[in-house]
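**Student:** For reference, the file run_15.tsv (TSV, N, CA and C atoms) is included below:
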```tsv
chain	number	residue	atom	x	y	z
A	1	MET	N	130.80	68.29	117.64
A	1	MET	CA	130.09	67.93	116.44
A	1	MET	C	128.59	68.16	116.57
A	2	LYS	N	128.08	67.87	117.77
A	2	LYS	CA	126.66	68.07	118.01
A	2	LYS	C	126.29	69.56	117.92
A	3	ASN	N	127.17	70.43	118.43
A	3	ASN	CA	126.93	71.87	118.35
A	3	ASN	C	126.89	72.36	116.91
A	4	LEU	N	127.75	71.80	116.08
A	4	LEU	CA	127.77	72.18	114.67
A	4	LEU	C	126.46	71.80	113.99
A	5	LYS	N	125.91	70.63	114.28
A	5	LYS	CA	124.63	70.21	113.71
A	5	LYS	C	123.50	71.13	114.16
A	6	VAL	N	123.53	71.54	115.42
A	6	VAL	CA	122.49	72.44	115.94
A	6	VAL	C	122.58	73.80	115.25
A	7	ILE	N	123.79	74.30	115.08
A	7	ILE	CA	123.98	75.61	114.44
A	7	ILE	C	123.52	75.55	112.98
A	8	ILE	N	123.92	74.51	112.26
A	8	ILE	CA	123.52	74.38	110.86
A	8	ILE	C	122.00	74.22	110.75
A	9	SER	N	121.39	73.44	111.63
A	9	SER	CA	119.93	73.27	111.62
A	9	SER	C	119.23	74.60	111.89
A	10	ALA	N	119.74	75.38	112.82
A	10	ALA	CA	119.14	76.68	113.13
A	10	ALA	C	119.26	77.63	111.94
A	11	MET	N	120.41	77.61	111.27
A	11	MET	CA	120.59	78.47	110.09
A	11	MET	C	119.65	78.06	108.97
A	12	MET	N	119.49	76.76	108.74
A	12	MET	CA	118.60	76.28	107.69
A	12	MET	C	117.14	76.65	107.98
A	13	LEU	N	116.76	76.50	109.25
A	13	LEU	CA	115.40	76.86	109.65
A	13	LEU	C	115.15	78.35	109.45
A	14	THR	N	116.13	79.17	109.80
A	14	THR	CA	116.02	80.62	109.62
A	14	THR	C	115.89	80.97	108.14
A	15	LEU	N	116.70	80.37	107.30
A	15	LEU	CA	116.62	80.62	105.86
A	15	LEU	C	115.28	80.17	105.30
A	16	PHE	N	114.79	79.02	105.72
A	16	PHE	CA	113.52	78.52	105.22
A	16	PHE	C	112.37	79.44	105.61
A	17	VAL	N	112.32	79.84	106.88
A	17	VAL	CA	111.25	80.71	107.36
A	17	VAL	C	111.33	82.07	106.66
A	18	GLY	N	112.52	82.61	106.52
A	18	GLY	CA	112.70	83.89	105.86
A	18	GLY	C	112.30	83.84	104.40
A	19	ALA	N	112.65	82.77	103.71
A	19	ALA	CA	112.32	82.63	102.29
A	19	ALA	C	110.82	82.48	102.08
A	20	THR	N	110.14	81.71	102.92
A	20	THR	CA	108.70	81.54	102.74
A	20	THR	C	107.95	82.82	103.10
A	21	ALA	N	108.42	83.55	104.09
A	21	ALA	CA	107.76	84.81	104.45
A	21	ALA	C	107.94	85.83	103.34
A	22	PHE	N	109.12	85.87	102.75
A	22	PHE	CA	109.37	86.81	101.66
A	22	PHE	C	108.57	86.45	100.42
A	23	ALA	N	108.45	85.17	100.12
A	23	ALA	CA	107.75	84.72	98.92
A	23	ALA	C	106.25	84.96	99.02
A	24	SER	N	105.68	84.93	100.21
A	24	SER	CA	104.24	85.08	100.34
A	24	SER	C	103.80	86.53	100.50
A	25	THR	N	104.73	87.45	100.70
A	25	THR	CA	104.39	88.86	100.86
A	25	THR	C	104.22	89.50	99.50
A	26	PRO	N	103.04	90.07	99.21
A	26	PRO	CA	102.86	90.74	97.92
A	26	PRO	C	103.78	91.96	97.83
A	27	THR	N	104.27	92.19	96.64
A	27	THR	CA	105.21	93.29	96.48
A	27	THR	C	104.47	94.62	96.33
A	28	LYS	N	105.17	95.67	96.67
A	28	LYS	CA	104.61	97.01	96.55
A	28	LYS	C	104.35	97.36	95.09
A	29	THR	N	105.18	96.82	94.21
A	29	THR	CA	105.02	97.07	92.78
A	29	THR	C	103.71	96.50	92.27
A	30	ALA	N	103.32	95.33	92.76
A	30	ALA	CA	102.06	94.73	92.34
A	30	ALA	C	100.88	95.60	92.75
A	31	HIS	N	100.95	96.19	93.95
A	31	HIS	CA	99.87	97.07	94.40
A	31	HIS	C	99.82	98.34	93.56
A	32	LYS	N	100.97	98.87	93.21
A	32	LYS	CA	101.01	100.08	92.37
A	32	LYS	C	100.47	99.78	90.99
A	33	ASN	N	100.79	98.61	90.45
A	33	ASN	CA	100.27	98.24	89.13
A	33	ASN	C	98.76	98.08	89.17
A	34	GLN	N	98.24	97.54	90.26
A	34	GLN	CA	96.79	97.40	90.40
A	34	GLN	C	96.13	98.78	90.47
A	35	LEU	N	96.74	99.69	91.22
A	35	LEU	CA	96.23	101.06	91.32
A	35	LEU	C	96.29	101.75	89.97
A	36	ARG	N	97.38	101.57	89.25
A	36	ARG	CA	97.52	102.18	87.92
A	36	ARG	C	96.44	101.66	86.98
A	37	ALA	N	96.17	100.37	87.02
A	37	ALA	CA	95.13	99.79	86.15
A	37	ALA	C	93.77	100.39	86.46
A	38	GLU	N	93.49	100.62	87.74
A	38	GLU	CA	92.21	101.23	88.11
A	38	GLU	C	92.13	102.67	87.60
A	39	LEU	N	93.24	103.40	87.70
A	39	LEU	CA	93.24	104.78	87.23
A	39	LEU	C	93.08	104.87	85.72
A	40	VAL	N	93.69	103.95	85.00
A	40	VAL	CA	93.53	103.91	83.55
A	40	VAL	C	92.06	103.65	83.20
A	41	LYS	N	91.44	102.75	83.96
A	41	LYS	CA	90.02	102.45	83.74
A	41	LYS	C	89.16	103.68	84.03
A	42	LEU	N	89.49	104.42	85.09
A	42	LEU	CA	88.75	105.64	85.42
A	42	LEU	C	88.92	106.71	84.34
A	43	MET	N	90.12	106.78	83.76
A	43	MET	CA	90.35	107.77	82.71
A	43	MET	C	89.48	107.47	81.49
A	44	GLY	N	89.26	106.19	81.21
A	44	GLY	CA	88.38	105.79	80.12
A	44	GLY	C	88.88	106.28	78.78
A	45	SER	N	87.96	106.40	77.85
A	45	SER	CA	88.34	106.91	76.52
A	45	SER	C	88.45	108.42	76.61
A	46	LEU	N	89.41	108.92	75.93
A	46	LEU	CA	89.66	110.37	75.98
A	46	LEU	C	89.08	111.03	74.73
A	47	GLU	N	87.78	111.02	74.67
A	47	GLU	CA	87.10	111.60	73.52
A	47	GLU	C	87.20	113.12	73.49
A	48	GLU	N	87.65	113.71	74.60
A	48	GLU	CA	87.82	115.16	74.65
A	48	GLU	C	88.88	115.64	73.68
A	49	PHE	N	89.80	114.75	73.32
A	49	PHE	CA	90.86	115.08	72.38
A	49	PHE	C	90.45	114.53	71.02
A	50	ASP	N	89.82	115.36	70.20
A	50	ASP	CA	89.33	114.89	68.92
A	50	ASP	C	90.37	115.03	67.81
A	51	GLU	N	91.35	115.88	67.98
A	51	GLU	CA	92.39	116.02	66.97
A	51	GLU	C	93.56	115.09	67.30
A	52	GLU	N	94.52	115.04	66.40
A	52	GLU	CA	95.70	114.21	66.65
A	52	GLU	C	96.44	114.77	67.86
A	53	THR	N	96.74	113.90	68.79
A	53	THR	CA	97.30	114.34	70.06
A	53	THR	C	98.49	113.48	70.44
A	54	ASN	N	99.49	114.11	71.01
A	54	ASN	CA	100.63	113.41	71.58
A	54	ASN	C	101.08	114.22	72.79
A	55	LEU	N	100.53	113.91	73.96
A	55	LEU	CA	100.79	114.68	75.17
A	55	LEU	C	101.37	113.79	76.26
A	56	THR	N	102.20	114.37	77.08
A	56	THR	CA	102.70	113.67	78.25
A	56	THR	C	102.47	114.53	79.48
A	57	ALA	N	102.29	113.87	80.60
A	57	ALA	CA	102.06	114.58	81.86
A	57	ALA	C	102.46	113.65	83.01
A	58	PHE	N	102.67	114.25	84.17
A	58	PHE	CA	102.90	113.49	85.39
A	58	PHE	C	101.82	113.90	86.38
A	59	VAL	N	101.06	112.93	86.86
A	59	VAL	CA	99.96	113.18	87.77
A	59	VAL	C	100.40	112.82	89.18
A	60	SER	N	100.38	113.79	90.10
A	60	SER	CA	100.68	113.55	91.51
A	60	SER	C	99.36	113.46	92.26
A	61	PHE	N	99.20	112.40	93.06
A	61	PHE	CA	97.95	112.21	93.78
A	61	PHE	C	98.18	111.44	95.05
A	62	ILE	N	97.18	111.48	95.93
A	62	ILE	CA	97.17	110.64	97.12
A	62	ILE	C	95.85	109.89	97.15
A	63	VAL	N	95.79	108.86	97.96
A	63	VAL	CA	94.53	108.15	98.20
A	63	VAL	C	94.18	108.43	99.65
A	64	ASN	N	93.00	109.04	99.88
A	64	ASN	CA	92.61	109.40	101.25
A	64	ASN	C	91.99	108.22	101.99
A	65	ASP	N	91.55	108.45	103.21
A	65	ASP	CA	91.01	107.38	104.06
A	65	ASP	C	89.72	106.78	103.53
A	66	GLU	N	89.02	107.50	102.66
A	66	GLU	CA	87.78	107.00	102.07
A	66	GLU	C	88.04	106.31	100.73
A	67	ASN	N	89.30	105.96	100.43
A	67	ASN	CA	89.71	105.33	99.18
A	67	ASN	C	89.41	106.19	97.96
A	68	GLU	N	89.49	107.48	98.12
A	68	GLU	CA	89.27	108.40	97.00
A	68	GLU	C	90.62	108.94	96.53
A	69	VAL	N	90.75	109.06	95.21
A	69	VAL	CA	91.94	109.65	94.62
A	69	VAL	C	91.81	111.17	94.74
A	70	VAL	N	92.82	111.80	95.30
A	70	VAL	CA	92.84	113.26	95.40
A	70	VAL	C	94.03	113.74	94.56
A	71	VAL	N	93.75	114.37	93.43
A	71	VAL	CA	94.79	114.84	92.53
A	71	VAL	C	95.44	116.08	93.12
A	72	ILE	N	96.75	116.02	93.32
A	72	ILE	CA	97.49	117.16	93.86
A	72	ILE	C	97.90	118.09	92.73
A	73	SER	N	98.50	117.52	91.69
A	73	SER	CA	98.91	118.36	90.56
A	73	SER	C	99.03	117.51	89.31
A	74	VAL	N	98.94	118.19	88.18
A	74	VAL	CA	99.15	117.57	86.88
A	74	VAL	C	100.22	118.40	86.19
A	75	ASP	N	101.39	117.81	86.03
A	75	ASP	CA	102.52	118.51	85.42
A	75	ASP	C	102.47	118.29	83.92
A	76	SER	N	101.92	119.27	83.22
A	76	SER	CA	101.77	119.18	81.78
A	76	SER	C	101.86	120.58	81.18
A	77	LYS	N	102.20	120.63	79.91
A	77	LYS	CA	102.26	121.92	79.23
A	77	LYS	C	100.87	122.43	78.86
A	78	SER	N	99.91	121.54	78.86
A	78	SER	CA	98.54	121.89	78.46
A	78	SER	C	97.62	122.02	79.69
A	79	THR	N	96.97	123.15	79.82
A	79	THR	CA	96.01	123.32	80.91
A	79	THR	C	94.76	122.49	80.66
A	80	ARG	N	94.53	122.16	79.42
A	80	ARG	CA	93.38	121.32	79.07
A	80	ARG	C	93.56	119.91	79.65
A	81	VAL	N	94.77	119.38	79.59
A	81	VAL	CA	95.06	118.07	80.16
A	81	VAL	C	94.83	118.10	81.66
A	82	ASP	N	95.28	119.19	82.30
A	82	ASP	CA	95.09	119.36	83.74
A	82	ASP	C	93.62	119.26	84.11
A	83	ALA	N	92.78	119.99	83.41
A	83	ALA	CA	91.34	120.01	83.70
A	83	ALA	C	90.70	118.64	83.44
A	84	ILE	N	91.08	117.99	82.36
A	84	ILE	CA	90.47	116.71	82.02
A	84	ILE	C	90.87	115.63	83.03
A	85	VAL	N	92.15	115.58	83.39
A	85	VAL	CA	92.62	114.57	84.35
A	85	VAL	C	91.96	114.78	85.71
A	86	LYS	N	91.91	116.02	86.17
A	86	LYS	CA	91.27	116.30	87.46
A	86	LYS	C	89.79	115.97	87.42
A	87	GLY	N	89.13	116.24	86.32
A	87	GLY	CA	87.71	115.93	86.19
A	87	GLY	C	87.43	114.44	86.21
A	88	LYS	N	88.33	113.65	85.64
A	88	LYS	CA	88.10	112.21	85.55
A	88	LYS	C	88.56	111.45	86.78
A	89	LEU	N	89.57	111.96	87.51
A	89	LEU	CA	90.15	111.21	88.62
A	89	LEU	C	89.83	111.76	90.00
A	90	ASN	N	89.68	113.07	90.13
A	90	ASN	CA	89.57	113.68	91.46
A	90	ASN	C	88.34	113.17	92.21
A	91	TYR	N	88.58	112.65	93.40
A	91	TYR	CA	87.56	112.15	94.33
A	91	TYR	C	86.78	110.96	93.78
A	92	LYS	N	87.43	110.16	92.92
A	92	LYS	CA	86.84	108.90	92.46
A	92	LYS	C	87.35	107.78	93.36
A	93	ASN	N	86.49	106.82	93.64
A	93	ASN	CA	86.86	105.70	94.53
A	93	ASN	C	87.71	104.67	93.79
A	94	VAL	N	88.67	104.11	94.51
A	94	VAL	CA	89.48	103.01	94.01
A	94	VAL	C	89.43	101.88	95.04
A	95	VAL	N	89.59	100.65	94.57
A	95	VAL	CA	89.53	99.51	95.48
A	95	VAL	C	90.85	98.74	95.51
A	96	ALA	N	91.92	99.32	95.02
A	96	ALA	CA	93.22	98.65	95.02
A	96	ALA	C	93.64	98.35	96.45
A	97	SER	N	94.09	97.14	96.68
A	97	SER	CA	94.50	96.75	98.02
A	97	SER	C	95.98	97.04	98.22
A	98	GLY	N	96.37	97.23	99.46
A	98	GLY	CA	97.77	97.39	99.79
A	98	GLY	C	98.37	98.75	99.50
A	99	ILE	N	97.55	99.73	99.19
A	99	ILE	CA	98.09	101.06	98.91
A	99	ILE	C	98.14	101.87	100.20
A	100	GLU	N	99.12	102.70	100.30
A	100	GLU	CA	99.32	103.52	101.49
A	100	GLU	C	98.41	104.74	101.43
A	101	ARG	N	97.66	104.95	102.47
A	101	ARG	CA	96.80	106.14	102.55
A	101	ARG	C	97.67	107.34	102.89
A	102	GLY	N	97.51	108.41	102.15
A	102	GLY	CA	98.26	109.63	102.40
A	102	GLY	C	99.62	109.68	101.73
A	103	GLU	N	100.06	108.60	101.11
A	103	GLU	CA	101.34	108.61	100.40
A	103	GLU	C	101.16	109.27	99.04
A	104	VAL	N	102.11	110.10	98.64
A	104	VAL	CA	102.04	110.78	97.35
A	104	VAL	C	102.54	109.82	96.28
A	105	TYR	N	101.70	109.57	95.29
A	105	TYR	CA	102.06	108.75	94.14
A	105	TYR	C	102.22	109.66	92.94
A	106	ILE	N	103.14	109.31	92.07
A	106	ILE	CA	103.33	110.05	90.82
A	106	ILE	C	103.19	109.06	89.68
A	107	MET	N	102.22	109.32	88.82
A	107	MET	CA	101.94	108.43	87.70
A	107	MET	C	102.23	109.15	86.39
A	108	PRO	N	103.09	108.58	85.55
A	108	PRO	CA	103.28	109.18	84.23
A	108	PRO	C	102.05	108.91	83.37
A	109	LEU	N	101.70	109.89	82.57
A	109	LEU	CA	100.53	109.77	81.70
A	109	LEU	C	100.94	110.17	80.29
A	110	LYS	N	100.65	109.31	79.35
A	110	LYS	CA	100.96	109.59	77.96
A	110	LYS	C	99.69	109.42	77.16
A	111	ILE	N	99.30	110.46	76.46
A	111	ILE	CA	98.09	110.44	75.64
A	111	ILE	C	98.52	110.49	74.18
A	112	VAL	N	98.22	109.43	73.48
A	112	VAL	CA	98.55	109.37	72.05
A	112	VAL	C	97.26	109.02	71.33
A	113	LYS	N	96.80	109.93	70.52
A	113	LYS	CA	95.58	109.69	69.76
A	113	LYS	C	95.87	110.04	68.31
A	114	GLN	N	95.62	109.09	67.45
A	114	GLN	CA	95.86	109.29	66.03
A	114	GLN	C	94.53	109.32	65.31
A	115	SER	N	94.43	110.22	64.37
A	115	SER	CA	93.18	110.32	63.63
A	115	SER	C	93.11	109.37	62.47
```
Write out the structure in this file as structure tokens.
**Tutor:**
Amino acid sequence: MKNLKVIISAMMLTLFVGATAFASTPTKTAHKNQLRAELVKLMGSLEEFDEETNLTAFVSFIVNDENEVVVISVDSKSTRVDAIVKGKLNYKNVVASGIERGEVYIMPLKIVKQS
């Protein structure tokens, strides 16, 4: 009976420690959302598109050791979107915490501007 109490106590302690460690660890999704918010802020207002616009693109980028966004590619039908996104994001500093340096991120981009 004493062995059973020791085993159950050990299992409960393991579950408690595991649950608290998991609960206090920030999720990778939260870091990506923080990075996305910073990139949206860097993009700013898109006054370059003065006509009615409805464009979509996928931006592939990495964050280097100096916390700079390095745009790898912009997958879009418009070369104008490619130039604008690279001009606004390439080699701009970000301060998002918990992001992996050198990891390739892909961010969907949707530009909707109504006149």
**Student:** With all atoms listed in the file as the counted atoms, please give the residues lying no more than 7 Å from Met107 (chain A), apart from itself and same-chain residues fewer than 4 positions off, as an MDAnalysis selection string.
**Tutor:** chainID A and resid 57:61
**Student:** So how far away is atom N of Ile106 (chain A) from atom N of Ile62 (chain A), in Å?
**Tutor:**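 For atom N of Ile62 (chain A) relative to atom N of Ile106 (chain A), the distance reads 7.4 Å.
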**Student:** Got a sec: who's within 12 Å of Thr79 (chain A), counting only C-alpha atoms, leaving out chain neighbours fewer than 6 positions off, as a CSV table (one decimal) with N, CA and C atoms, in the frame of the given file?
**Tutor:**
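Result file is part.csv:
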```
chain,number,residue,atom,x,y,z
A,55,LEU,N,100.5,113.9,74.0
A,55,LEU,CA,100.8,114.7,75.2
A,55,LEU,C,101.4,113.8,76.3
A,57,ALA,N,102.3,113.9,80.6
A,57,ALA,CA,102.1,114.6,81.9
A,57,ALA,C,102.5,113.6,83.0
A,73,SER,N,98.5,117.5,91.7
A,73,SER,CA,98.9,118.4,90.6
A,73,SER,C,99.0,117.5,89.3
A,85,VAL,N,92.2,115.6,83.4
A,85,VAL,CA,92.6,114.6,84.4
A,85,VAL,C,92.0,114.8,85.7
A,86,LYS,N,91.9,116.0,86.2
A,86,LYS,CA,91.3,116.3,87.5
A,86,LYS,C,89.8,116.0,87.4
```
**Student:** Closest to Val63 (chain A) among A:Ile99, A:Gly87, A:Pro108, A:Ala37, using all atoms listed in the file?
**Tutor:**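 Going through A:Ile99, A:Gly87, A:Pro108, A:Ala37 one by one, the smallest distance to Val63 (chain A) is for A:Ile99.
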**Student:** Could you pull out the helix (DSSP H, G or I) residues of region 49-84 of chain A, going by DSSP on the backbone, and write them as a VMD selection string?
**Tutor:** chain A and resid 79 to 84
**Student:** For the atom pair atom C of Asp65 (chain A) and atom N of Gly44 (chain A), what is the interatomic distance in Å to one decimal place?
**Tutor:** 22.3 Å
**Student:** Compare A:Lys28, A:Arg80, A:Val74, A:Asn67 by their minimum atom-to-atom distance to Lys92 (chain A), counting only N, CA and C atoms, and give me the closest one.
**Tutor:**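 Checking each candidate against Lys92 (chain A), we get A:Asn67 as the closest.
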